[in-house]
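Participant: Data file start-v9.txt (compact mmCIF, C-alpha atoms) is appended below.
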```txt
# COMPACT_ATOMS: atom_id res chain seq x y z
CA MET A 3 95.13 -23.87 -48.16
CA GLU A 4 98.48 -25.68 -48.33
CA ARG A 5 100.11 -26.59 -45.05
CA ARG A 6 103.00 -24.18 -45.62
CA ASP A 7 100.64 -21.25 -46.32
CA PHE A 8 98.49 -22.21 -43.34
CA ILE A 9 101.53 -22.10 -41.00
CA LYS A 10 102.62 -18.70 -42.38
CA HIS A 11 99.08 -17.34 -42.01
CA THR A 12 98.74 -18.70 -38.47
CA THR A 13 102.15 -17.35 -37.46
CA ALA A 14 101.28 -13.88 -38.75
CA LEU A 15 98.00 -13.89 -36.88
CA SER A 16 99.74 -15.01 -33.69
CA ALA A 17 102.41 -12.34 -34.02
CA GLY A 18 99.75 -9.70 -34.58
CA PHE A 19 97.86 -10.93 -31.53
CA PHE A 20 100.88 -10.69 -29.25
CA ILE A 21 101.90 -7.29 -30.60
CA SER A 22 98.37 -6.01 -30.04
CA LYS A 23 98.36 -7.58 -26.59
CA ASP A 24 101.64 -5.84 -25.69
CA LEU A 25 100.38 -2.50 -26.97
CA LEU A 26 97.15 -2.94 -25.05
CA ALA A 27 99.07 -3.80 -21.89
CA GLN A 28 101.26 -0.71 -22.27
CA ASN A 29 98.17 1.48 -22.65
CA SER A 30 96.04 -0.04 -19.92
CA GLY A 31 97.56 1.50 -16.81
CA PRO A 32 95.88 4.28 -14.84
CA ILE A 33 96.55 7.92 -15.76
CA TYR A 34 97.62 10.51 -13.18
CA GLY A 35 98.43 14.21 -13.19
CA HIS A 36 96.67 17.39 -14.25
CA GLY A 37 96.28 19.62 -17.28
CA HIS A 38 98.64 18.87 -20.14
CA MET A 39 101.12 17.03 -17.86
CA ARG A 40 99.44 13.66 -17.46
CA TYR A 41 101.03 10.23 -17.32
CA ARG A 42 100.18 6.55 -17.53
CA MET A 43 101.59 4.56 -14.61
CA ASP A 44 103.57 1.31 -14.86
CA LYS A 45 104.47 -0.16 -11.46
CA ASN A 46 106.16 -3.17 -13.08
CA TRP A 47 108.58 -1.26 -15.28
CA SER A 48 111.70 -2.81 -13.73
CA LYS A 49 112.42 -6.32 -14.99
CA ALA A 50 115.19 -6.88 -12.43
CA ASP A 51 115.09 -10.01 -10.26
CA SER A 52 114.84 -8.92 -6.63
CA GLN A 53 116.64 -12.11 -5.53
CA LYS A 54 119.67 -11.41 -7.73
CA ASN A 55 119.61 -7.61 -7.87
CA PRO A 56 117.86 -6.26 -4.78
CA VAL A 57 117.36 -2.62 -3.87
CA ASN A 58 117.00 -1.03 -0.47
CA ASP A 59 116.20 2.68 -0.73
CA CYS A 60 115.98 3.74 -4.38
CA HIS A 61 117.44 7.18 -3.99
CA GLU A 62 118.09 8.84 -7.33
CA MET A 63 118.09 8.23 -11.11
CA VAL A 64 119.63 9.84 -14.20
CA GLN A 65 119.68 9.15 -17.94
CA ASP A 66 122.96 9.00 -19.86
CA ALA A 67 123.68 10.02 -23.46
CA ARG A 68 123.08 6.45 -24.63
CA GLY A 69 119.53 6.60 -23.30
CA ARG A 70 120.19 4.27 -20.38
CA ILE A 71 118.56 4.87 -16.99
CA LEU A 72 120.94 4.66 -14.01
CA LEU A 73 119.48 4.01 -10.56
CA LEU A 74 121.37 4.57 -7.30
CA THR A 75 120.46 2.46 -4.26
CA ASN A 76 122.12 2.03 -0.88
CA GLU A 77 122.02 -1.76 -1.33
CA THR A 78 125.71 -2.68 -1.50
CA LYS A 79 125.07 -5.88 -3.45
CA ASN A 80 124.64 -3.54 -6.42
CA ASN A 81 124.73 0.20 -5.73
CA VAL A 82 124.07 1.17 -9.37
CA LEU A 83 121.53 -0.59 -11.59
CA ILE A 84 121.55 0.29 -15.29
CA TYR A 85 118.38 -0.16 -17.34
CA ASN A 86 117.12 0.52 -20.81
CA LYS A 87 113.96 2.60 -21.06
CA SER A 88 111.82 -0.54 -21.27
CA GLY A 89 113.00 -1.66 -17.83
CA LYS A 90 115.43 -4.38 -18.91
CA LEU A 91 118.40 -4.59 -16.54
CA LEU A 92 121.59 -4.13 -18.57
CA ASP A 93 124.33 -3.98 -15.95
CA THR A 94 125.10 -3.38 -12.28
CA TRP A 95 128.10 -2.23 -10.28
CA GLY A 96 129.12 -0.89 -6.88
CA HIS A 97 129.53 -2.45 -3.44
CA GLY A 98 131.21 0.35 -1.52
CA PHE A 99 128.50 2.98 -1.00
CA PRO A 100 126.45 2.06 2.09
CA GLY A 101 125.03 5.58 2.22
CA ALA A 102 124.53 6.05 -1.53
CA HIS A 103 122.18 9.01 -1.84
CA GLY A 104 122.81 11.66 -4.49
CA LEU A 105 123.42 10.86 -8.17
CA THR A 106 124.27 13.55 -10.72
CA ILE A 107 125.53 13.05 -14.29
CA VAL A 108 127.77 15.49 -16.15
CA ASN A 109 129.10 15.62 -19.70
CA GLU A 110 132.67 16.89 -19.97
CA ASN A 111 133.78 17.35 -23.56
CA GLY A 112 131.82 14.35 -24.76
CA SER A 113 132.62 12.06 -21.83
CA GLU A 114 130.12 11.44 -19.06
CA PHE A 115 130.83 11.13 -15.35
CA LEU A 116 128.83 10.63 -12.18
CA PHE A 117 128.90 12.44 -8.84
CA ILE A 118 127.75 10.23 -5.95
CA THR A 119 127.18 11.38 -2.37
CA ASP A 120 127.43 8.92 0.51
CA THR A 121 125.74 9.95 3.75
CA VAL A 122 127.29 7.09 5.75
CA LYS A 123 130.89 7.61 4.62
CA HIS A 124 130.54 11.43 4.70
CA GLN A 125 132.10 11.72 1.25
CA VAL A 126 131.40 12.71 -2.35
CA TYR A 127 132.83 10.80 -5.30
CA LYS A 128 133.34 11.54 -8.97
CA THR A 129 133.27 8.30 -10.98
CA THR A 130 133.19 6.97 -14.50
CA LEU A 131 129.90 5.48 -15.72
CA ASP A 132 131.23 2.03 -14.88
CA GLY A 133 132.23 2.95 -11.33
CA ARG A 134 135.92 3.85 -11.37
CA ILE A 135 136.51 6.52 -8.70
CA LEU A 136 138.31 9.61 -10.05
CA MET A 137 137.96 12.05 -7.14
CA THR A 138 136.93 11.89 -3.48
CA ILE A 139 135.79 14.92 -1.48
CA ASP A 140 136.00 14.66 2.31
CA VAL A 141 134.61 16.92 5.01
CA PRO A 142 135.77 20.49 4.17
CA LEU A 143 137.50 21.29 7.44
CA GLU A 144 139.18 24.29 5.80
CA THR A 145 135.84 26.13 5.82
CA GLY A 146 136.06 26.50 9.58
CA VAL A 147 132.40 25.51 9.97
CA TYR A 148 133.15 21.76 10.23
CA HIS A 149 135.24 20.13 12.93
CA LYS A 150 134.77 16.42 12.23
CA ALA A 151 133.63 14.18 9.40
CA GLU A 152 130.35 13.25 11.08
CA GLU A 153 129.11 16.84 10.72
CA PHE A 154 129.29 16.55 6.91
CA VAL A 155 126.42 14.47 5.49
CA PRO A 156 126.23 15.37 1.78
CA THR A 157 123.04 14.62 -0.12
CA GLU A 158 123.41 16.18 -3.58
CA THR A 159 125.70 17.87 -6.10
CA ALA A 160 125.31 20.29 -9.01
CA ILE A 161 127.98 20.75 -11.69
CA ASP A 162 128.64 23.92 -13.67
CA THR A 163 129.75 24.03 -17.33
CA ASN A 164 133.30 24.98 -16.31
CA GLY A 165 133.62 21.92 -14.07
CA ASP A 166 132.97 23.76 -10.81
CA PHE A 167 130.63 21.86 -8.53
CA PHE A 168 128.43 22.55 -5.53
CA ILE A 169 127.69 20.11 -2.68
CA ALA A 170 124.53 20.34 -0.59
CA ASP A 171 125.03 19.09 2.97
CA GLY A 172 121.35 18.29 3.38
CA TYR A 173 121.60 15.92 6.33
CA GLY A 174 124.46 17.64 8.12
CA ALA A 175 125.26 21.26 8.90
CA GLN A 176 123.20 22.50 5.89
CA TYR A 177 126.01 24.36 4.14
CA ILE A 178 126.53 24.61 0.39
CA THR A 179 130.19 24.22 -0.53
CA HIS A 180 131.60 25.37 -3.88
CA TYR A 181 134.62 23.68 -5.51
CA ASP A 182 136.58 24.10 -8.71
CA LYS A 183 136.87 21.18 -11.14
CA GLU A 184 139.99 19.91 -9.38
CA GLY A 185 138.22 19.73 -6.03
CA LYS A 186 139.68 22.90 -4.49
CA LEU A 187 137.28 24.73 -2.17
CA LYS A 188 136.13 28.13 -3.49
CA GLY A 189 133.38 29.14 -1.08
CA VAL A 190 130.65 28.22 1.39
CA PHE A 191 127.21 29.65 2.21
CA GLY A 192 123.90 28.73 3.78
CA GLY A 193 124.06 26.72 6.95
CA LYS A 194 121.29 25.96 9.42
CA GLY A 195 119.43 28.98 10.75
CA GLU A 196 116.13 30.82 10.93
CA GLY A 197 116.51 33.48 8.22
CA ASP A 198 115.57 32.82 4.59
CA GLU A 199 119.24 32.84 3.64
CA HIS A 200 119.71 29.75 5.82
CA LEU A 201 118.66 26.20 5.08
CA ASP A 202 117.06 23.26 6.84
CA ASN A 203 117.18 19.87 5.12
CA ALA A 204 118.98 21.24 2.04
CA HIS A 205 118.30 17.97 0.32
CA GLY A 206 118.86 18.88 -3.34
CA ILE A 207 120.58 21.38 -5.59
CA VAL A 208 120.61 22.12 -9.32
CA ILE A 209 121.87 24.86 -11.61
CA ASP A 210 118.89 26.48 -13.32
CA ARG A 211 119.67 27.78 -16.83
CA ARG A 212 116.11 28.50 -17.97
CA GLN A 213 116.66 32.25 -17.64
CA SER A 214 119.47 34.40 -19.03
CA THR A 215 121.49 34.23 -15.81
CA PRO A 216 122.25 30.80 -14.28
CA THR A 217 121.20 30.39 -10.65
CA LEU A 218 121.14 27.70 -8.00
CA LEU A 219 117.87 26.13 -6.90
CA ILE A 220 118.24 24.53 -3.48
CA THR A 221 115.75 22.47 -1.51
CA ASP A 222 114.62 23.62 1.93
CA ARG A 223 112.53 20.55 2.60
CA THR A 224 111.26 21.13 6.13
CA ARG A 225 110.05 24.59 5.08
CA ASN A 226 108.21 23.31 1.98
CA CYS A 227 110.10 25.38 -0.55
CA PHE A 228 112.90 25.78 -3.03
CA LYS A 229 115.27 28.71 -2.63
CA ARG A 230 117.03 30.43 -5.50
CA PHE A 231 120.57 31.67 -4.93
CA SER A 232 123.13 33.32 -7.17
CA LEU A 233 126.15 31.17 -7.96
CA ASP A 234 128.09 33.13 -5.34
CA GLY A 235 125.56 32.36 -2.63
CA LYS A 236 123.22 35.34 -2.44
CA LEU A 237 119.53 34.60 -1.81
CA LEU A 238 117.33 35.75 -4.70
CA GLU A 239 113.95 34.09 -4.28
CA VAL A 240 111.87 31.70 -2.17
CA ILE A 241 109.49 29.40 -4.10
CA LYS A 242 106.86 28.32 -1.59
CA LEU A 243 105.23 24.91 -2.06
CA PRO A 244 102.83 24.60 0.89
CA GLY A 245 102.21 21.03 1.96
CA ALA A 246 105.10 19.62 -0.05
CA CYS A 247 108.31 18.30 1.54
CA VAL A 248 110.18 18.39 -1.74
CA CYS A 249 113.33 16.43 -2.58
CA ARG A 250 115.81 17.56 -5.22
CA PRO A 251 114.71 19.82 -8.11
CA VAL A 252 115.13 18.21 -11.54
CA ILE A 253 114.99 20.48 -14.59
CA LYS A 254 114.13 19.23 -18.08
CA GLY A 255 113.30 21.77 -20.77
CA ASP A 256 111.07 24.48 -19.31
CA TYR A 257 109.83 22.38 -16.40
CA LEU A 258 110.98 21.55 -12.89
CA TYR A 259 110.09 18.12 -11.49
CA ALA A 260 110.39 17.02 -7.88
CA ALA A 261 109.45 14.09 -5.72
CA VAL A 262 107.49 15.13 -2.64
CA LEU A 263 108.67 12.80 0.09
CA ARG A 264 105.82 13.52 2.50
CA SER A 265 102.95 15.92 3.10
CA PRO A 266 102.31 18.23 4.85
CA ASP A 267 105.47 17.62 6.90
CA LEU A 268 108.13 14.98 7.45
CA GLY A 269 106.23 13.53 10.38
CA HIS A 270 103.53 12.01 8.16
CA GLU A 271 104.74 8.73 6.65
CA ASN A 272 103.68 7.36 3.28
CA THR A 273 102.07 10.59 2.08
CA GLY A 274 104.20 11.44 -0.95
CA PHE A 275 103.45 12.50 -4.50
CA THR A 276 105.28 14.12 -7.42
CA THR A 277 105.01 17.77 -8.44
CA ILE A 278 105.74 19.66 -11.68
CA LEU A 279 106.36 23.41 -12.00
CA ASP A 280 106.71 25.58 -15.11
CA LYS A 281 109.53 28.07 -15.60
CA ASN A 282 107.44 30.75 -13.86
CA ASN A 283 107.39 28.62 -10.68
CA LYS A 284 103.72 27.75 -11.08
CA VAL A 285 102.69 24.21 -10.15
CA VAL A 286 100.94 22.74 -13.20
CA SER A 287 100.48 19.09 -12.24
CA ASN A 288 100.71 16.74 -9.28
CA ILE A 289 101.04 12.99 -9.83
CA GLY A 290 99.25 11.29 -6.96
CA GLY A 291 98.62 14.67 -5.38
CA THR A 292 95.78 17.17 -5.25
CA GLU A 293 95.17 19.43 -8.21
CA PRO A 294 97.14 22.68 -7.78
CA VAL A 295 94.88 25.57 -6.80
CA TYR A 296 95.84 29.26 -6.77
CA GLN A 297 93.82 31.92 -4.99
CA ASP A 298 94.80 35.52 -5.74
CA GLY A 299 98.05 34.16 -7.14
CA VAL A 300 98.92 32.21 -4.00
CA LEU A 301 99.33 28.44 -4.15
CA GLN A 302 97.06 26.67 -1.68
CA PRO A 303 98.36 23.72 0.40
CA MET A 304 98.89 20.53 -1.56
CA ALA A 305 98.54 16.95 -0.32
CA GLN A 306 98.54 13.35 -1.38
CA ALA A 307 95.27 12.53 -3.16
CA GLU A 308 95.89 8.98 -4.40
CA LYS A 309 98.16 6.51 -2.63
CA ILE A 310 100.22 5.43 -5.61
CA PHE A 311 103.44 6.34 -3.77
CA LEU A 312 104.62 5.94 -0.21
CA ASN A 313 107.76 8.08 0.12
CA PRO A 314 108.99 9.13 -3.36
CA HIS A 315 112.55 10.39 -3.40
CA ASP A 316 113.48 11.38 -6.96
CA VAL A 317 112.21 11.91 -10.49
CA CYS A 318 114.15 11.12 -13.66
CA VAL A 319 112.85 12.61 -16.94
CA ASP A 320 113.96 10.74 -20.06
CA ASN A 321 114.44 12.10 -23.57
CA ASP A 322 110.82 11.22 -24.43
CA GLU A 323 109.52 13.22 -21.41
CA ASN A 324 108.54 10.06 -19.55
CA LEU A 325 109.14 9.96 -15.80
CA TYR A 326 110.72 7.41 -13.49
CA VAL A 327 110.07 7.78 -9.77
CA ALA A 328 112.35 6.21 -7.15
CA GLN A 329 111.15 5.72 -3.57
CA TRP A 330 112.75 5.73 -0.12
CA ALA A 331 111.61 3.46 2.75
CA SER A 332 108.81 2.08 0.60
CA GLY A 333 109.14 -1.68 0.83
CA LYS A 334 112.24 -1.94 -1.37
CA VAL A 335 110.20 -1.41 -4.51
CA TYR A 336 111.83 -0.71 -7.86
CA PRO A 337 111.08 2.63 -9.56
CA TYR A 338 107.78 3.20 -11.33
CA LYS A 339 107.57 4.53 -14.87
CA PHE A 340 105.08 7.19 -15.96
CA THR A 341 104.60 7.52 -19.72
CA ARG A 342 103.53 10.96 -20.97
CA VAL A 343 100.06 10.91 -22.57
```
Could you spell out this file's structure in structure tokens?

Facilitator:
Amino acid sequence: MERRDFIKHTTALSAGFFISKDLLAQNSGPIYGHGHMRYRMDKNWSKADSQKNPVNDCHEMVQDARGRILLLTNETKNNVLIYNKSGKLLDTWGHGFPGAHGLTIVNENGSEFLFITDTVKHQVYKTTLDGRILMTIDVPLETGVYHKAEEFVPTETAIDTNGDFFIADGYGAQYITHYDKEGKLKGVFGGKGEGDEHLDNAHGIVIDRRQSTPTLLITDRTRNCFKRFSLDGKLLEVIKLPGACVCRPVIKGDYLYAAVLRSPDLGHENTGFTTILDKNNKVVSNIGGTEPVYQDGVLQPMAQAEKIFLNPHDVCVDNDENLYVAQWASGKVYPYKFTRV
């Protein structure tokens, strides 16, 4: 064999070896979940350098129309970290959100924007994807239920197709406030209380369009449930999830995904998992949690089964139905990726 042919042959073999090695590495992680919703775990998905781009609490994640994954952290060295789906860090921005918590993305006539809630500054912001602030919402004193900024601790937003948006005050007075696209208050409902129409730890909110009539799904985390309301604030349904202190509901296709911060209550640290429900509100899979069991149609208490998470806070579902799970108070770890199998 001539030297030139030998080098070409050797190079091809080497390339094939490394490609096979990469594929093997991608397919070698443990698999979690139940039924047809099972995933292979990658704890080292993020390729960010923790010395240059640290995180504190990894609160929430979304995917934009370009396929990028945006992570929100309350580390003011870089509040927003932008990745590709392989975990390569593409960009960062943001130094002014010490209480960065809720991250929602919206497409308005082909342009995308973010809504960010800050629990320390008691404000909600609408921004461009590169961080330019377009709107700021302060404590809604005009409701009559708030008397000072400190009572308003917003955790999440949901945006309607007409630009109206809803703010969940999950760490404050537990009200849901409704605004038009210009930021003018339209209504308020919920609030802390004992009846089902009231909320306690209204951590997340989303508009559910899986049925003919859009509704609001709102977290009631201390009561282990989601509550369904009409868009004008009337209680329609309580979705009980015994043993699961759920964070925000995330809807992709027919399924609802949610991080379970702790189980069976908020007093038990490092006991989280991730849960998946179908459009009929049936739990079909738990990642790191016990297999869902129904007796006479009633869901039995769920719990952490495998300690792959400490305190998971959010789930992002990409356009390939892979999951990314961000964690709160979990050693400043980057999100984990779970590839659908």

Participant: May I ask which of the residues A:Arg250, A:Lys150, A:Arg264, A:Arg342 is the closest one to Ile33 in chain A, counting only C-alpha atoms?

Facilitator: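 With only C-alpha atoms as the atom set, the closest residue is A:Arg342.
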
Participant: As a ChimeraX atom specification, please: the residues near Gly206 in chain A (cut-off 8 Å, all atoms listed in the file, same-chain neighbours under 2 positions excluded).

Facilitator: /A:157-159,170,172,204,208,220-221,249-251

Participant: Might you pull out every residue within 7 Å of Val248 in chain A, with all atoms listed in the file counted and same-chain residues fewer than 2 positions away left off, and present them as a PyMOL selection string?

Facilitator: chain A and resi 221+223+226+246+250+260-263

Participant: Measuring between all atoms listed in the file, which one of A:Thr145, A:Thr273, A:Gln53, A:Asn46 shows the shortest distance to Tyr177 in chain A?

Facilitator: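 Ranked by minimum distance to Tyr177 in chain A, first place goes to A:Thr145.
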
Participant: Find the residues with any atom within 12 Å of (109.3, 8.0, 2.4); use all atoms listed in the file and the coordinates as given in the file, and write the answer as a ChimeraX atom specification.

Facilitator: /A:59-61,247-249,261-265,267-275,311-316,328-335

Participant: Considering all atoms listed in the file, state which residue in the set A:Leu279, A:Leu131, A:Leu218, A:Ile178 is at the smallest distance from Arg68 in chain A.

Facilitator: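 Among A:Leu279, A:Leu131, A:Leu218, A:Ile178, it is A:Leu131 that comes nearest to Arg68 in chain A.
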
Participant: Using only C-alpha atoms, which of A:Tyr41, A:Phe168, A:Phe340, A:Tyr173 sits nearest Thr224 in chain A?

Facilitator: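 Checking each of A:Tyr41, A:Phe168, A:Phe340, A:Tyr173 against Thr224 in chain A, counting only C-alpha atoms, the winner is A:Tyr173.
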
Participant: Between A:Gln65, A:Asn55, A:Asn81, A:Gln213, which residue has the minimum interatomic distance to Phe115 in chain A, considering only C-alpha atoms?

Facilitator: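 Closest to Phe115 in chain A of all the choices is A:Gln65.
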